[in-house]
>>> print(open('target20.txt').read())   # compact mmCIF, C-alpha atoms
# COMPACT_ATOMS: atom_id res chain seq x y z
CA ARG A 1 30.71 14.80 1.32
CA ARG A 2 32.73 17.54 -0.38
CA TYR A 3 33.89 15.00 -2.98
CA ILE A 4 30.43 13.98 -4.14
CA HIS A 5 29.96 16.67 -6.77
CA SER A 6 33.42 16.22 -8.25
CA CYS A 7 33.01 12.42 -8.35
CA THR A 8 29.62 12.74 -10.01
CA SER A 9 30.91 15.25 -12.53
CA THR A 10 33.91 13.05 -13.38
CA THR A 11 31.67 10.03 -13.88
CA ASN A 12 29.44 12.08 -16.15
CA THR A 13 32.48 13.29 -18.11
CA ASN A 14 33.86 9.79 -18.54
CA ASN A 15 30.51 8.50 -19.74
CA SER A 16 30.34 11.34 -22.26
CA SER A 17 33.87 10.57 -23.42
CA SER A 18 33.08 6.91 -23.97
CA THR A 19 30.06 7.72 -26.13
CA THR A 20 32.09 10.01 -28.37
CA ALA A 21 35.32 7.99 -28.59
CA GLY A 22 34.06 5.24 -30.89
CA SER A 23 33.43 5.14 -34.59
CA SER A 24 32.23 8.31 -36.30
CA MET A 25 29.19 6.28 -37.30
CA SER A 26 28.18 5.73 -33.66
CA ARG A 27 24.90 7.28 -32.55
CA LYS A 28 25.29 10.37 -30.36
CA ILE A 29 23.91 9.72 -26.88
CA PRO A 30 23.37 12.75 -24.62
CA VAL A 31 24.70 12.16 -21.11
CA GLY A 32 23.24 14.01 -18.17
CA LEU A 33 22.29 13.34 -14.60
CA VAL A 34 19.33 13.31 -12.25
CA VAL A 35 19.47 14.69 -8.71
CA ALA A 36 17.09 15.08 -5.81
CA ASP A 37 15.72 18.58 -5.23
CA VAL A 38 18.19 19.58 -2.53
CA ASN A 39 20.69 22.45 -2.73
CA ARG A 40 18.72 23.42 -5.82
CA HIS A 41 20.64 26.58 -6.68
CA ASP A 42 24.20 25.30 -6.28
CA ASN A 43 23.56 21.90 -7.86
CA ALA A 44 21.99 23.50 -10.91
CA LEU A 45 24.92 25.87 -11.35
CA TYR A 46 27.61 23.25 -10.80
CA TYR A 47 26.45 20.69 -13.31
CA ASN A 48 26.09 23.27 -16.07
CA CYS A 49 29.36 25.09 -15.49
CA ARG A 50 32.90 24.68 -16.77
CA ASP A 51 34.99 24.43 -13.68
CA GLY A 52 38.50 25.30 -14.85
CA SER A 53 39.72 21.71 -14.64
CA ASN A 54 42.54 22.46 -17.05
CA ASN A 55 43.94 25.11 -14.72
CA ASP A 56 46.17 23.79 -11.95
CA ASP A 57 45.93 26.94 -9.83
CA TYR A 58 42.78 26.55 -7.74
CA SER A 59 43.16 30.04 -6.26
CA ASN A 60 42.82 31.65 -9.68
CA ARG A 61 39.25 30.42 -9.84
CA THR A 62 38.16 33.01 -7.31
CA ASN A 63 37.72 35.76 -9.87
CA TYR A 64 35.60 33.51 -12.04
CA ASN A 65 33.33 32.57 -9.14
CA THR A 66 32.91 35.96 -7.55
CA LYS A 67 29.25 36.51 -6.75
CA THR A 68 27.57 38.83 -9.24
CA THR A 69 24.04 39.86 -9.97
CA THR A 70 23.68 36.91 -12.34
CA ASP A 71 24.59 33.24 -12.18
CA TYR A 72 25.45 32.92 -15.86
CA ASP A 73 28.29 34.26 -18.00
CA GLU A 74 27.26 37.61 -19.46
CA ASP A 75 29.78 37.78 -22.30
CA ASP A 76 28.09 38.81 -25.52
CA ASP A 77 29.81 36.14 -27.60
CA ASP A 78 29.29 32.40 -27.78
CA ASP A 79 32.97 31.52 -27.41
CA ASP A 80 34.19 30.40 -23.99
CA SER A 81 37.83 30.14 -25.05
CA ASP A 82 38.61 33.72 -24.02
CA ASP A 83 37.20 33.35 -20.51
CA ASN A 84 39.70 32.90 -17.68
CA ASN A 85 39.84 29.58 -15.90
CA ILE A 86 37.12 27.92 -17.95
CA ASP A 87 37.61 24.36 -19.04
CA ASN A 88 36.79 24.36 -22.75
CA ASP A 89 36.08 20.64 -22.78
CA ASP A 90 32.44 20.25 -23.77
CA LEU A 91 32.27 16.98 -21.85
CA THR A 92 32.83 18.43 -18.38
CA HIS A 93 29.23 19.51 -17.93
CA ALA A 94 25.95 17.62 -18.17
CA GLU A 95 24.02 17.67 -21.43
CA PHE A 96 20.72 17.68 -19.56
CA PHE A 97 19.77 18.22 -15.93
CA GLY A 98 17.07 16.14 -14.27
CA LEU A 99 15.41 17.16 -11.02
CA ASN A 100 13.30 14.88 -8.83
CA THR A 101 11.02 17.50 -7.33
CA TYR A 102 7.70 17.41 -5.51
CA VAL A 103 6.46 20.99 -5.27
CA ALA A 104 2.80 20.97 -6.35
CA CYS A 105 1.43 19.82 -3.01
CA ASN A 106 -1.66 21.99 -2.61
CA GLY A 107 -4.46 19.60 -3.37
CA THR A 108 -7.09 22.33 -3.22
CA ALA A 109 -5.36 24.54 -5.79
CA GLN A 110 -7.31 25.27 -8.94
CA SER A 111 -4.95 27.74 -10.65
CA PHE A 112 -1.25 28.12 -11.36
CA LYS A 113 -0.82 31.02 -8.94
CA GLU A 114 -1.95 28.76 -6.09
CA PHE A 115 0.89 26.31 -6.70
CA LEU A 116 3.49 28.38 -4.88
CA GLY A 117 6.15 25.66 -4.94
CA LEU A 118 5.88 25.21 -8.70
CA LYS A 119 6.02 28.98 -9.21
CA ALA A 120 9.17 29.23 -7.08
CA LEU A 121 10.78 26.37 -9.03
CA HIS A 122 10.06 28.11 -12.31
CA GLN A 123 11.33 31.45 -11.07
CA LYS A 124 14.60 29.90 -9.91
CA PHE A 125 15.45 28.21 -13.21
CA ALA A 126 14.23 31.16 -15.25
CA SER A 127 16.72 33.34 -13.38
CA LEU A 128 19.57 30.92 -14.13
CA HIS A 129 19.12 31.24 -17.91
CA TYR A 130 20.04 27.58 -18.16
CA SER A 131 21.77 26.49 -21.35
CA ILE A 132 20.89 22.77 -21.21
CA PRO A 133 17.46 21.09 -21.03
CA VAL A 134 15.88 20.79 -17.59
CA LEU A 135 13.62 17.80 -16.99
CA LEU A 136 11.37 17.24 -14.00
CA THR A 137 12.41 13.60 -13.81
CA GLU A 138 10.03 12.95 -10.93
CA PHE A 139 6.93 14.96 -10.06
CA GLY A 140 3.61 14.22 -8.40
CA CYS A 141 3.51 15.33 -4.78
CA LEU A 142 1.41 13.25 -2.38
CA SER A 143 -0.90 15.11 -0.03
CA GLU A 144 -4.01 14.35 1.97
CA THR A 145 -5.39 17.64 0.68
CA TYR A 146 -6.06 16.01 -2.69
CA PRO A 147 -9.64 14.74 -3.06
CA THR A 148 -11.09 11.31 -2.46
CA VAL A 149 -12.36 9.83 -5.73
CA ASN A 150 -14.27 6.55 -6.03
CA GLY A 151 -13.22 5.63 -2.51
CA TYR A 152 -9.49 6.30 -3.09
CA GLN A 153 -8.05 9.01 -0.86
CA GLY A 154 -5.53 11.64 -1.97
CA GLN A 155 -5.97 11.35 -5.73
CA ARG A 156 -3.61 13.82 -7.37
CA THR A 157 -5.13 16.21 -9.88
CA PHE A 158 -1.88 16.63 -11.86
CA LEU A 159 -2.67 20.20 -12.77
CA GLU A 160 1.10 20.79 -12.76
CA ALA A 161 1.37 18.48 -15.79
CA LYS A 162 -1.20 20.64 -17.56
CA TYR A 163 0.65 23.84 -16.67
CA ILE A 164 4.07 22.51 -17.72
CA LEU A 165 2.59 21.69 -21.10
CA GLU A 166 0.33 24.69 -21.67
CA ARG A 167 1.96 27.71 -20.04
CA PRO A 168 4.56 29.31 -22.37
CA GLU A 169 6.79 30.53 -19.52
CA LEU A 170 7.06 26.98 -18.15
CA ARG A 171 7.61 25.42 -21.57
CA ASP A 172 10.47 27.83 -22.12
CA VAL A 173 12.25 26.67 -18.95
CA PHE A 174 11.33 22.99 -18.57
CA ALA A 175 11.68 20.38 -21.31
CA GLY A 176 9.01 18.14 -19.77
CA GLY A 177 8.89 15.57 -17.02
CA PHE A 178 7.90 12.18 -15.71
CA ALA A 179 5.00 11.59 -13.34
CA PHE A 180 6.00 9.31 -10.49
CA GLU A 181 5.08 6.54 -10.73
CA TYR A 182 3.29 4.07 -13.01
CA SER A 183 2.56 1.22 -10.60
CA MET A 184 2.23 1.06 -6.83
CA GLU A 185 5.26 -0.37 -5.01
CA TYR A 186 3.50 -2.94 -2.88
CA GLU A 187 6.23 -3.44 -0.26
CA ASN A 188 6.51 0.30 0.37
CA ALA A 189 2.84 1.19 0.22
CA HIS A 190 0.82 -1.59 1.85
CA GLN A 191 2.09 -1.04 5.41
CA GLN A 192 0.34 2.34 5.67
CA SER A 193 -2.31 1.72 3.02
CA PRO A 194 -3.62 -1.86 2.90
CA TYR A 195 -4.27 -3.38 -0.51
CA PRO A 196 -6.00 -2.20 -2.70
CA PHE A 197 -4.75 1.17 -1.40
CA HIS A 198 -8.00 3.02 -0.73
CA LYS A 199 -6.48 4.73 2.31
CA PHE A 200 -4.03 7.58 1.81
CA GLY A 201 -0.42 6.56 2.35
CA LYS A 202 2.87 8.45 2.17
CA GLN A 203 4.22 5.88 -0.31
CA ASN A 204 1.16 5.69 -2.57
CA TYR A 205 2.96 7.09 -5.60
CA GLY A 206 1.55 4.56 -8.03
CA LEU A 207 -1.00 5.74 -10.56
CA GLY A 208 -2.38 2.22 -10.48
CA TYR A 209 -1.73 -1.18 -8.96
CA LEU A 210 -1.40 -4.78 -10.04
CA TYR A 211 -4.08 -7.31 -9.21
CA PRO A 212 -4.83 -9.85 -7.86
CA GLU A 213 -2.76 -9.17 -4.77
CA ASP A 214 -0.76 -12.41 -5.06
CA CYS A 215 -0.02 -12.13 -8.78
CA ASP A 216 3.55 -12.71 -9.93
CA ASP A 217 3.19 -13.02 -13.73
CA ILE A 218 4.57 -16.54 -13.43
CA ASP A 219 1.95 -18.72 -11.79
CA GLN A 220 -0.60 -15.93 -11.48
CA PRO A 221 -0.92 -13.32 -14.28
CA CYS A 222 -1.03 -9.66 -13.24
CA GLU A 223 -3.37 -7.01 -14.56
CA TYR A 224 -3.00 -3.26 -14.16
CA GLN A 225 -5.76 -1.38 -12.38
CA PRO A 226 -5.52 2.40 -12.94
CA LEU A 227 -6.51 4.74 -10.15
CA PRO A 228 -8.45 8.02 -10.61
CA ALA A 229 -5.11 9.90 -10.54
CA TYR A 230 -4.14 7.99 -13.69
CA ASP A 231 -7.15 9.44 -15.51
CA ASN A 232 -6.33 12.92 -14.18
CA LEU A 233 -2.84 12.74 -15.66
CA LYS A 234 -4.17 11.30 -18.90
CA ASN A 235 -6.69 14.13 -19.21
CA ALA A 236 -4.02 16.74 -18.48
CA TYR A 237 -2.19 15.61 -21.61
CA THR A 238 -4.89 14.41 -23.99
CA LYS A 239 -7.28 17.34 -23.45
CA SER A 240 -4.61 19.97 -23.90
CA GLN A 241 -5.21 22.37 -26.77
CA VAL A 242 -1.57 23.36 -27.24
CA VAL A 243 0.21 20.09 -27.94
CA ASN A 244 0.98 21.23 -31.48
CA LEU A 245 2.50 24.45 -30.13
CA VAL A 246 5.27 22.67 -28.22
CA PRO A 247 8.53 23.70 -29.94
CA ASN A 248 10.78 21.28 -31.77
CA MET A 249 14.31 21.56 -33.10
CA ASP A 250 13.14 23.14 -36.35
CA ASN A 251 11.28 26.08 -34.85
CA TYR A 252 12.95 26.67 -31.48
CA THR A 253 15.31 29.61 -31.11
CA VAL A 254 17.63 29.75 -28.09
CA SER A 255 17.80 33.17 -26.49
CA ALA A 256 21.23 34.80 -26.23
CA LYS A 257 21.21 34.59 -22.44
CA ARG A 258 20.80 30.82 -22.59
CA LYS A 259 23.84 30.16 -24.74
CA ARG A 260 26.29 30.61 -21.89
CA ARG A 261 27.44 28.21 -19.19
CA SER A 262 26.56 28.83 -15.55
CA LYS A 263 29.04 30.27 -13.09
CA CYS A 264 30.57 27.57 -10.87
CA PRO A 265 29.72 27.78 -7.16
CA PRO A 266 32.96 28.78 -5.37
CA GLN A 267 32.57 26.21 -2.57
CA PHE A 268 33.02 23.27 -4.97
CA PRO A 269 36.69 22.55 -5.77
CA PRO A 270 37.42 21.98 -9.48
CA ILE A 271 37.94 18.44 -10.71
CA ALA A 272 41.62 19.15 -11.42
CA SER A 273 42.25 19.65 -7.70
CA PHE A 274 41.72 15.93 -7.11
CA HIS A 275 43.90 13.00 -8.08
CA TRP A 276 42.02 10.38 -10.08
CA ASP A 277 43.88 7.06 -10.32
CA ALA A 278 41.57 5.90 -13.10
CA ASP A 279 42.72 8.74 -15.35
CA GLU A 280 46.25 7.37 -15.28
CA THR A 281 45.09 3.84 -16.04
CA VAL A 282 42.60 4.30 -18.83
CA SER A 283 42.16 7.27 -21.09
CA MET A 284 38.53 7.34 -22.15
CA ALA A 285 39.47 9.61 -25.04
CA LYS A 286 41.55 6.77 -26.49
CA CYS A 287 38.93 4.05 -26.39
CA PRO A 288 39.50 1.49 -29.18
CA SER A 289 37.20 1.65 -32.12
CA ARG A 290 34.39 -0.84 -32.44
CA TRP A 291 36.32 -3.38 -34.51
CA ASP A 292 39.78 -2.93 -32.99
CA SER A 293 38.95 -4.72 -29.76
CA SER A 294 39.47 -8.44 -29.39
CA VAL A 295 36.53 -10.79 -28.99
CA THR A 296 36.20 -13.81 -26.73
CA CYS A 297 34.28 -16.71 -28.24
CA LEU A 298 32.53 -18.63 -25.47
CA GLY A 299 35.34 -17.67 -23.10
CA ILE A 300 37.72 -20.22 -24.71
CA VAL A 301 39.33 -18.89 -27.87
CA ARG A 302 40.47 -15.29 -28.15
CA MET A 303 40.68 -13.78 -31.63
CA VAL A 304 42.84 -10.69 -31.90
CA LYS A 305 42.13 -10.17 -35.57
CA ASP A 306 39.01 -8.66 -37.05
CA PRO A 307 36.09 -10.49 -35.38
CA ARG A 308 34.00 -9.91 -38.51
CA SER A 309 36.23 -12.25 -40.50
CA THR A 310 34.68 -15.43 -41.88
CA SER A 311 37.25 -17.64 -40.16
CA GLY A 312 36.44 -16.11 -36.81
CA ILE A 313 32.71 -16.68 -37.23
CA ILE A 314 33.25 -20.29 -38.39
CA THR A 315 35.49 -20.96 -35.36
CA CYS A 316 32.82 -19.76 -32.98
CA VAL A 317 30.11 -21.81 -34.70
CA ILE A 318 32.24 -25.00 -34.64
CA LEU A 319 33.10 -24.55 -30.97
CA ALA A 320 29.48 -23.95 -30.04
CA THR A 321 28.36 -27.03 -31.97
CA LEU A 322 30.99 -29.25 -30.34
CA ILE A 323 30.05 -28.09 -26.87
CA ILE A 324 26.36 -28.77 -27.52
CA LEU A 325 27.15 -32.28 -28.79
CA ILE A 326 29.38 -33.08 -25.81
CA VAL A 327 26.83 -31.85 -23.28
CA ALA A 328 24.04 -33.79 -25.00
CA PHE A 329 26.17 -36.98 -25.09
CA LEU A 330 27.03 -36.77 -21.38
CA HIS A 331 23.41 -36.07 -20.51
CA TYR A 332 22.06 -39.13 -22.34
CA ARG A 333 24.91 -41.33 -21.17
CA HIS A 334 23.96 -40.52 -17.59
CA LYS A 335 20.37 -41.55 -18.36
CA GLY A 336 21.44 -44.74 -20.09
CA ASN A 337 20.54 -48.17 -18.66
CA LYS A 338 23.04 -50.56 -17.11
CA ASP A 339 23.18 -52.80 -20.20
CA GLY A 340 24.43 -50.11 -22.57
CA TYR A 341 23.84 -46.65 -23.90
CA GLN A 342 20.52 -45.64 -25.25
CA ASN A 343 20.29 -44.26 -28.74
CA ILE A 344 20.87 -40.52 -28.75
CA ASP A 345 18.45 -38.49 -30.76
CA LEU A 346 19.87 -34.99 -30.74
CA MET A 347 16.75 -33.69 -32.45
CA GLN A 348 14.57 -34.38 -29.45
>>> encode(input="target20.txt", output="structure tokens")
Amino acid sequence: RRYIHSCTSTTNTNNSSSTTAGSSMSRKIPVGLVVADVNRHDNALYYNCRDGSNNDDYSNRTNYNTKTTTDYDEDDDDDDSDDNNIDNDDLTHAEFFGLNTYVACNGTAQSFKEFLGLKALHQKFASLHYSIPVLLTEFGCLSETYPTVNGYQGQRTFLEAKYILERPELRDVFAGGFAFEYSMEYENAHQQSPYPFHKFGKQNYGLGYLYPEDCDDIDQPCEYQPLPAYDNLKNAYTKSQVVNLVPNMDNYTVSAKRKRRSKCPPQFPPIASFHWDADETVSMAKCPSRWDSSVTCLGIVRMVKDPRSTSGIITCVILATLIILIVAFLHYRHKGNKDGYQNIDLMQ
């Protein structure tokens, strides 16, 4: 279990490397990760820290990870290069952090102060002064305390969606989120809550369901039936009066405290303390450019030269045409009568 964080971080780093190793014209793709809401404090710190991977002496990391009153680097400059034991590779940390968290579970709550779990979540990340976007990649706690609406039990009010959007202190910490989930998972839900899911069930995460019950979108078309919780979420967004106040890149200013990486939890060994066989086999930083790699045409002919060349394209087209003709000929020959072959009309 102690290897999980280092393996995840290495995978994230390699993915980031592969997106930046191609042509300078390639689109920049942010690479982050999504985790369940367990070990909230340490996970958040680890995936936003620079863990000293370039330093072979693991013991030297102790000074960097000594517990202080803050969990972020308090240097007053934006340059990490002068900090001891910090890996200055920008790819070693996530570019966004997603948290699957279900904390707004008080179905009778009518104000933000009554959602104690959501308040605690906000207070934790506010104290971390996180330097990358935090997304609530799953939210929407199920609880029997939520009201029954139109015969459907436990219909979530989604006031947390309203608060995340409207309250400035939450907007400053969280970059948004995703309500879980769009459609009911029949196999998970129907055992506790028979179709069409009027009864509360611990797997009734869907904001709607597909009907009729036996639809498959092949022989029987499916239609989406929204539940009252769907309308609650819709209203939380569409009736908000502050949508135009949500910051964008042009008007958002990052506070000085949020320009620094987090301090790495001392119980997680740095990546450099592990031996990664893959690093000796393939260097992601040396990925071939888009047009340097060879191309296989239908798995038969391999062209090492520029695959954009006219000759390469013509070769592929000719091969494809020949294969189609051969397959068509064999097909009609098989269907031919005993006296001779039937005429082959390739246009049919």
>>> atom_distance(input="target20.txt", atom1="CA of Phe96 in chain A", atom2="CA of Val34 in chain A")
8.6 Å
>>> atom_distance(input="target20.txt", atom1="CA of Gly98 in chain A", atom2="CA of Cys264 in chain A")
18.0 Å
>>> atom_distance(input="target20.txt", atom1="CA of Pro196 in chain A", atom2="CA of Lys234 in chain A")
21.2 Å
>>> residues_around(input="target20.txt", residues="range 169-178 of chain A", least_positions_apart="2", cutoff="12 Å", atoms="only C-alpha atoms", output="MDAnalysis selection string")
chainID A and resid 34 96:102 112 118:140 158 160:167 180:182 233 237 242:243 245:248 252:255 258
>>> residues_around(input="target20.txt", residues="Glu223 in chain A", least_positions_apart="4", cutoff="10 Å", atoms="only C-alpha atoms", output="PyMOL selection string")
chain A and resi 209-212+215+217
>>> closest_residue(input="target20.txt", among="A:Tyr230, A:Tyr146, A:Tyr47, A:Tyr152", to="Ala179 in chain A", atoms="all atoms listed in the file")
A:Tyr230
>>> residues_around(input="target20.txt", residues="Phe197 in chain A", least_positions_apart="6", cutoff="9 Å", atoms="all atoms listed in the file", output="number ranges by chain")
A: 152-153, 184, 189-190, 204, 209
>>> closest_residue(input="target20.txt", among="A:Leu142, A:Arg156, A:Ser262, A:Pro168", to="Ala44 in chain A", atoms="only C-alpha atoms")
A:Ser262
